[in-house]
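Structure below is my_file.txt: compact mmCIF, C-alpha atoms.
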# COMPACT_ATOMS: atom_id res chain seq x y z
CA MET A 1 29.21 -151.47 37.84
CA LEU A 2 29.58 -151.67 34.14
CA ILE A 3 29.52 -148.57 31.92
CA ASP A 4 27.47 -148.77 28.79
CA TRP A 5 29.75 -146.85 26.46
CA PHE A 6 27.27 -146.99 23.68
CA THR A 7 24.71 -145.28 25.81
CA VAL A 8 27.28 -142.76 26.98
CA ILE A 9 28.38 -142.02 23.47
CA ALA A 10 24.78 -141.84 22.28
CA GLN A 11 23.89 -139.45 25.04
CA ALA A 12 27.00 -137.36 24.37
CA LEU A 13 26.14 -137.31 20.70
CA ASN A 14 22.57 -136.34 21.51
CA PHE A 15 23.87 -133.58 23.77
CA LEU A 16 26.15 -132.20 21.07
CA ILE A 17 23.37 -132.35 18.54
CA LEU A 18 21.08 -130.57 21.01
CA VAL A 19 23.70 -127.89 21.64
CA TRP A 20 24.21 -127.41 17.93
CA LEU A 21 20.53 -127.26 17.31
CA MET A 22 20.03 -124.78 20.12
CA ARG A 23 22.95 -122.69 18.90
CA ARG A 24 21.72 -122.86 15.35
CA PHE A 25 18.07 -122.25 15.81
CA LEU A 26 17.75 -120.54 19.22
CA TYR A 27 20.87 -118.83 20.51
CA LYS A 28 21.86 -116.98 17.31
CA PRO A 29 18.39 -115.55 16.65
CA ILE A 30 18.26 -114.42 20.26
CA LEU A 31 21.68 -112.77 19.92
CA HIS A 32 20.64 -111.17 16.64
CA ALA A 33 17.44 -109.94 18.27
CA ILE A 34 19.42 -108.58 21.22
CA ASP A 35 21.91 -106.88 18.89
CA ALA A 36 19.12 -105.41 16.78
CA ARG A 37 17.36 -104.17 19.89
CA GLU A 38 20.57 -102.65 21.24
CA LYS A 39 21.18 -100.95 17.91
CA ARG A 40 17.61 -99.68 17.83
CA ILE A 41 17.90 -98.42 21.39
CA VAL A 42 21.21 -96.70 20.58
CA ALA A 43 19.67 -95.15 17.47
CA GLU A 44 16.65 -94.03 19.41
CA LEU A 45 18.86 -92.61 22.15
CA ALA A 46 20.97 -90.80 19.54
CA ASP A 47 17.85 -89.50 17.84
CA ALA A 48 16.45 -88.42 21.19
CA ALA A 49 19.73 -86.69 22.02
CA ALA A 50 19.71 -84.99 18.61
CA LYS A 51 16.11 -83.94 19.08
CA GLN A 52 16.93 -82.72 22.56
CA THR A 53 19.87 -80.77 21.19
CA GLU A 54 17.69 -79.35 18.42
CA ALA A 55 14.97 -78.51 20.92
CA LYS A 56 17.48 -76.79 23.15
CA LYS A 57 18.85 -74.90 20.17
CA GLU A 58 15.37 -73.86 19.11
CA ARG A 59 14.58 -72.88 22.71
CA ASP A 60 17.75 -70.77 22.86
CA GLU A 61 16.90 -69.16 19.51
CA PHE A 62 13.34 -68.52 20.65
CA GLN A 63 14.58 -67.01 23.89
CA HIS A 64 17.11 -64.89 21.97
CA LYS A 65 14.39 -63.74 19.61
CA ASN A 66 12.16 -62.88 22.56
CA GLU A 67 14.95 -60.90 24.17
CA GLU A 68 15.66 -59.12 20.86
CA PHE A 69 11.96 -58.43 20.42
CA ASP A 70 11.80 -57.03 23.95
CA ARG A 71 14.79 -54.80 23.26
CA GLN A 72 13.29 -53.57 19.97
CA LEU A 73 9.93 -53.01 21.66
CA ALA A 74 11.60 -51.07 24.46
CA ALA A 75 13.58 -49.03 21.90
CA LEU A 76 10.44 -48.32 19.86
CA LEU A 77 8.52 -47.33 22.99
CA SER A 78 11.38 -45.08 24.07
CA GLN A 79 11.63 -43.54 20.60
CA ALA A 80 7.86 -43.05 20.43
CA THR A 81 7.91 -41.46 23.88
CA ASP A 82 10.75 -39.12 22.89
CA GLU A 83 9.05 -38.22 19.62
CA ALA A 84 5.77 -37.60 21.44
CA LYS A 85 7.55 -35.34 23.94
CA ALA A 86 9.36 -33.50 21.12
CA GLU A 87 6.12 -33.10 19.15
CA ARG A 88 4.32 -31.88 22.27
CA GLN A 89 7.10 -29.39 22.95
CA ARG A 90 7.04 -28.25 19.32
CA LEU A 91 3.28 -27.76 19.40
CA LEU A 92 3.58 -25.87 22.67
CA ASP A 93 6.33 -23.68 21.22
CA GLU A 94 4.30 -23.02 18.07
CA ALA A 95 1.23 -22.23 20.14
CA ARG A 96 3.28 -19.92 22.37
CA GLN A 97 4.84 -18.21 19.35
CA ALA A 98 1.44 -17.86 17.70
CA ALA A 99 0.02 -16.43 20.92
CA ASP A 100 2.96 -14.02 21.24
CA ALA A 101 2.63 -12.99 17.58
CA LEU A 102 -1.12 -12.53 17.99
CA SER A 103 -0.59 -10.52 21.15
CA ALA A 104 2.07 -8.36 19.49
CA LYS A 105 -0.15 -7.90 16.44
CA ARG A 106 -3.08 -6.98 18.66
CA GLN A 107 -0.92 -4.50 20.57
CA ASP A 108 0.37 -3.02 17.30
CA THR A 109 -3.19 -2.78 16.03
CA MET A 110 -4.29 -1.10 19.23
CA ARG A 111 -1.36 1.32 19.07
CA ASN A 112 -2.05 2.04 15.40
CA ASP A 113 -5.74 2.53 16.10
CA ALA A 114 -4.94 4.84 19.00
CA HIS A 115 -2.41 6.71 16.86
CA HIS A 116 -4.87 7.04 13.98
CA LEU A 117 -7.60 8.12 16.38
CA ASN A 118 -5.32 10.76 17.88
CA GLN A 119 -4.35 11.92 14.40
CA ALA A 120 -7.98 11.99 13.32
CA ILE A 121 -8.96 13.97 16.41
CA SER A 122 -6.01 16.33 15.96
CA HIS A 123 -6.71 16.85 12.26
CA ARG A 124 -10.42 17.25 12.89
CA THR A 125 -9.74 19.78 15.63
CA GLN A 126 -7.26 21.55 13.39
CA GLN A 127 -9.75 21.70 10.52
CA GLU A 128 -12.52 22.95 12.78
CA VAL A 129 -10.31 25.63 14.33
CA PHE A 130 -9.17 26.98 10.98
CA ALA A 131 -12.66 26.69 9.53
CA ILE A 132 -13.97 28.80 12.41
CA ALA A 133 -11.11 31.26 11.95
CA ARG A 134 -11.81 31.58 8.24
CA LYS A 135 -15.53 31.98 8.91
CA ALA A 136 -14.90 34.64 11.51
CA LEU A 137 -12.54 36.57 9.23
CA THR A 138 -15.02 36.28 6.38
CA ASP A 139 -17.81 37.60 8.58
CA LEU A 140 -15.64 40.44 9.90
CA ALA A 141 -14.34 41.48 6.47
CA THR A 142 -15.83 44.75 5.21
CA THR A 143 -15.41 46.96 2.15
CA SER A 144 -13.19 49.39 4.06
CA LEU A 145 -10.98 46.50 5.12
CA GLU A 146 -10.71 45.39 1.49
CA GLU A 147 -9.64 48.93 0.55
CA ARG A 148 -6.93 48.82 3.22
CA LEU A 149 -5.80 45.45 1.93
CA GLY A 150 -5.62 46.97 -1.55
CA ASP A 151 -3.13 49.50 -0.27
CA VAL A 152 -1.08 46.74 1.34
CA PHE A 153 -1.22 44.77 -1.92
CA ILE A 154 0.09 47.77 -3.87
CA ARG A 155 3.03 48.18 -1.49
CA ARG A 156 3.85 44.51 -1.75
CA LEU A 157 3.54 44.67 -5.54
CA GLN A 158 5.94 47.58 -5.71
CA GLY A 159 8.37 45.83 -3.33
CA MET A 160 8.79 42.71 -5.47
CA ASP A 161 12.36 41.55 -6.14
CA GLY A 162 13.90 42.01 -9.57
CA LYS A 163 13.50 38.44 -10.83
CA ALA A 164 9.85 38.09 -9.83
CA LYS A 165 9.08 41.56 -11.13
CA ALA A 166 10.76 40.86 -14.48
CA GLY A 167 8.85 37.57 -14.87
CA LEU A 168 5.52 39.19 -14.09
CA ALA A 169 6.28 42.13 -16.41
CA ALA A 170 7.02 39.75 -19.28
CA ALA A 171 3.79 37.83 -18.58
CA LEU A 172 1.77 41.06 -18.54
CA LYS A 173 3.27 42.32 -21.81
CA THR A 174 2.92 39.02 -23.69
CA SER A 175 -0.60 38.22 -22.49
CA SER A 176 -3.32 38.62 -25.09
CA ASN A 177 -6.00 38.93 -22.38
CA PRO A 178 -6.32 41.56 -19.69
CA ALA A 179 -4.82 40.79 -16.32
CA ARG A 180 -7.39 39.81 -13.71
CA VAL A 181 -7.50 41.41 -10.28
CA ARG A 182 -9.71 39.36 -7.97
CA SER A 183 -11.01 40.44 -4.55
CA ALA A 184 -13.66 39.22 -2.11
CA PHE A 185 -15.68 42.47 -2.44
CA ASP A 186 -16.32 44.86 -5.30
CA LEU A 187 -13.58 47.47 -5.14
CA PRO A 188 -14.71 51.08 -5.43
CA VAL A 189 -13.78 53.03 -8.54
CA GLU A 190 -11.17 55.06 -6.67
CA GLN A 191 -9.46 51.90 -5.39
CA ARG A 192 -9.47 50.36 -8.86
CA ALA A 193 -7.88 53.51 -10.28
CA VAL A 194 -5.16 53.42 -7.62
CA ILE A 195 -4.35 49.79 -8.39
CA GLN A 196 -4.37 50.49 -12.15
CA GLN A 197 -2.01 53.43 -11.69
CA ALA A 198 0.28 51.38 -9.44
CA LEU A 199 0.50 48.62 -12.05
CA ASN A 200 1.28 51.12 -14.83
CA GLU A 201 3.98 52.81 -12.78
CA THR A 202 5.48 49.54 -11.49
CA PHE A 203 5.86 47.99 -14.93
CA SER A 204 6.25 51.25 -16.92
CA ALA A 205 3.50 50.28 -19.35
CA GLU A 206 -0.22 50.53 -19.85
CA ILE A 207 -1.53 47.39 -18.16
CA HIS A 208 -4.99 46.21 -19.16
CA VAL A 209 -6.83 45.00 -16.06
CA ARG A 210 -10.18 43.34 -15.47
CA PHE A 211 -11.48 43.49 -11.89
CA GLU A 212 -13.44 40.50 -10.61
CA THR A 213 -15.20 39.58 -7.39
CA ALA A 214 -14.15 36.29 -5.76
CA PRO A 215 -16.13 35.57 -2.56
CA ASP A 216 -13.91 32.57 -1.83
CA LEU A 217 -10.98 34.90 -1.04
CA ILE A 218 -10.66 35.79 2.64
CA SER A 219 -9.70 39.45 2.93
CA GLY A 220 -7.23 39.44 0.05
CA ILE A 221 -6.42 40.46 -3.50
CA GLU A 222 -4.69 38.55 -6.27
CA LEU A 223 -3.39 39.40 -9.73
CA ILE A 224 -3.51 36.66 -12.37
CA THR A 225 -2.08 36.90 -15.90
CA ASN A 226 -0.65 34.53 -18.49
CA GLY A 227 0.08 31.68 -16.07
CA HIS A 228 1.49 33.94 -13.30
CA LYS A 229 -0.16 34.99 -10.06
CA VAL A 230 0.67 37.55 -7.40
CA ALA A 231 -1.54 37.25 -4.33
CA TRP A 232 -1.76 38.46 -0.78
CA SER A 233 -4.48 37.86 1.76
CA ILE A 234 -5.15 37.16 5.39
CA ALA A 235 -5.75 33.56 4.30
CA ASP A 236 -2.01 33.32 3.69
CA TYR A 237 -1.49 33.75 7.41
CA LEU A 238 -3.97 30.99 8.08
CA VAL A 239 -2.27 28.70 5.55
CA SER A 240 1.13 29.35 7.12
CA LEU A 241 -0.22 28.77 10.62
CA GLU A 242 -2.08 25.64 9.49
CA LYS A 243 1.09 24.28 7.89
CA GLY A 244 3.05 24.86 11.09
CA VAL A 245 0.42 23.13 13.21
CA GLY A 246 0.31 20.22 10.75
CA GLU A 247 4.08 19.78 10.96
CA LEU A 248 3.89 19.88 14.75
CA LEU A 249 1.20 17.17 14.79
CA THR A 250 3.29 15.04 12.41
CA LYS A 251 6.45 15.33 14.50
CA LYS A 252 4.91 15.00 17.96
CA ASP A 253 5.39 11.21 17.99
CA MET A 254 9.11 11.40 17.14
CA PRO A 255 11.48 10.68 20.08
CA GLN A 256 13.62 13.75 19.32
CA ALA A 257 11.26 16.17 17.64
CA LYS A 258 12.77 19.51 16.80
CA ALA A 259 11.23 22.66 18.12
CA GLU A 260 8.25 23.90 16.14
CA PRO A 261 9.33 26.59 13.66
CA GLN A 262 7.70 29.93 14.21
CA SER A 263 5.19 31.00 11.63
CA GLU A 264 6.60 33.78 9.52
CA GLU A 265 4.59 36.52 7.99
CA PRO A 266 3.52 35.35 4.53
CA GLN A 267 5.03 37.10 1.58
CA PRO A 268 3.24 37.92 -1.65
CA GLN A 269 2.78 34.75 -3.66
CA THR A 270 4.29 34.81 -7.13
CA GLN A 271 3.88 31.55 -8.98
CA SER A 272 3.51 30.14 -12.44
CA GLN A 273 0.29 28.29 -13.12

Using structure tokens, write down the structure that the file contains.
Amino acid sequence: MLIDWFTVIAQALNFLILVWLMRRFLYKPILHAIDAREKRIVAELADAAAKQTEAKKERDEFQHKNEEFDRQLAALLSQATDEAKAERQRLLDEARQAADALSAKRQDTMRNDAHHLNQAISHRTQQEVFAIARKALTDLATTSLEERLGDVFIRRLQGMDGKAKAGLAAALKTSSNPARVRSAFDLPVEQRAVIQQALNETFSAEIHVRFETAPDLISGIELITNGHKVAWSIADYLVSLEKGVGELLTKKDMPQAKAEPQSEEPQPQTQSQ
């Protein structure tokens, strides 16, 4: 069998040309396409991984923010609860203090009202008792009683101490007006003469006297001259007794009140007006 070398060479040449053509126009574009696709896939995978990482990061941040928000919300709720409890307790304390203050004030008011009522009743009773006593003494006073009181007045006038007597004597001597002798009833002429004589003898001078009637006096006589007064009457006893009772009523509420002083017999009043 003979080999046609021309045909073999032609076919080999055709084959090489075909291989070159395929490599030039088919294989390289396919390789380039494959490389480009691989690169695109790698880029997409990298981008997907980056996006996944970013998404995970954002998820973690979101979860952290949610946890922080939950903690802040819990803290705010706890703080609000504590503040509400504190405010409630404060309002309760203020209400309790206000109620206690109101109760104490009401009790003080009630005690003061009771005290004032007792004082008013005591003072009213005191005034009524002494008013009745004065009325009774006024009704019982007679001219003969006034004459007897005139004698007592003379003895008291003569028994004055040196200082009071000297002051009254100076007032009598320097007065430009007659001395006034006042009594609840008109004194008889004899009684007036006795008093006039007693004044002259007591002060060793001629004393000018004007006798007057003073119905407001309760069984008593008083001598008034130049800003000085010498008086004695049963009313003095009432005044002394009334003063003692008033002091007793004032001190009765004290925890350690002293014993009530005994009413002393009133002395002749000598005072400057």

Point-to-point distance from atom CA of Phe25 of chain A to atom CA of Val8 of chain A, Å rounded to tenths: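 So the answer is 25.1 Å.
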
All residues 7 Å or closer to Leu223 of chain A, only C-alpha atoms, same chain fewer than 4 positions away omitted, as a PyMOL selection string: chain A and resi 179-182+229-231

Point-to-point distance from atom CA of Glu190 of chain A to atom CA of Gly150 of chain A, Å rounded to tenths: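 Separating atom CA of Glu190 of chain A from atom CA of Gly150 of chain A is a distance of 11.1 Å.
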
Length of the atom CA of Asn66 of chain A to atom CA of Ser78 of chain A vector [Å]: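 The value is 17.9 Å.
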
Residue contacts of Leu157 of chain A (9 Å, all atoms listed in the file) excluding same-chain residues fewer than 5 positions away, as a list in words: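 Contacts, in chain order: Val152, Lys165, Ala198, Leu199, Thr202, Val230 and Pro268 of chain A.
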
Please, could you write that set of residues out with C-alpha atoms as a PDB file, in the coordinates of the input?
ATOM      1  CA  VAL A 152      -1.080  46.740   1.340  1.00  0.00           C
ATOM      2  CA  LYS A 165       9.080  41.560 -11.130  1.00  0.00           C
ATOM      3  CA  ALA A 198       0.280  51.380  -9.440  1.00  0.00           C
ATOM      4  CA  LEU A 199       0.500  48.620 -12.050  1.00  0.00           C
ATOM      5  CA  THR A 202       5.480  49.540 -11.490  1.00  0.00           C
ATOM      6  CA  VAL A 230       0.670  37.550  -7.400  1.00  0.00           C
ATOM      7  CA  PRO A 268       3.240  37.920  -1.650  1.00  0.00           C
TER       8      PRO A 268
END

Pick from A:Lys105, A:His228, A:Lys39, A:Arg59, whichever lies nearest to Thr174 of chain A using all atoms listed in the file: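 Using all atoms listed in the file, Thr174 of chain A sits closest to A:His228.
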
Residue with smallest distance to Ile195 of chain A - pool A:Met22, A:Ile221, A:Leu31, A:Ile121, counting all atoms listed in the file: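 For Ile195 of chain A, the nearest of the candidates is A:Ile221.
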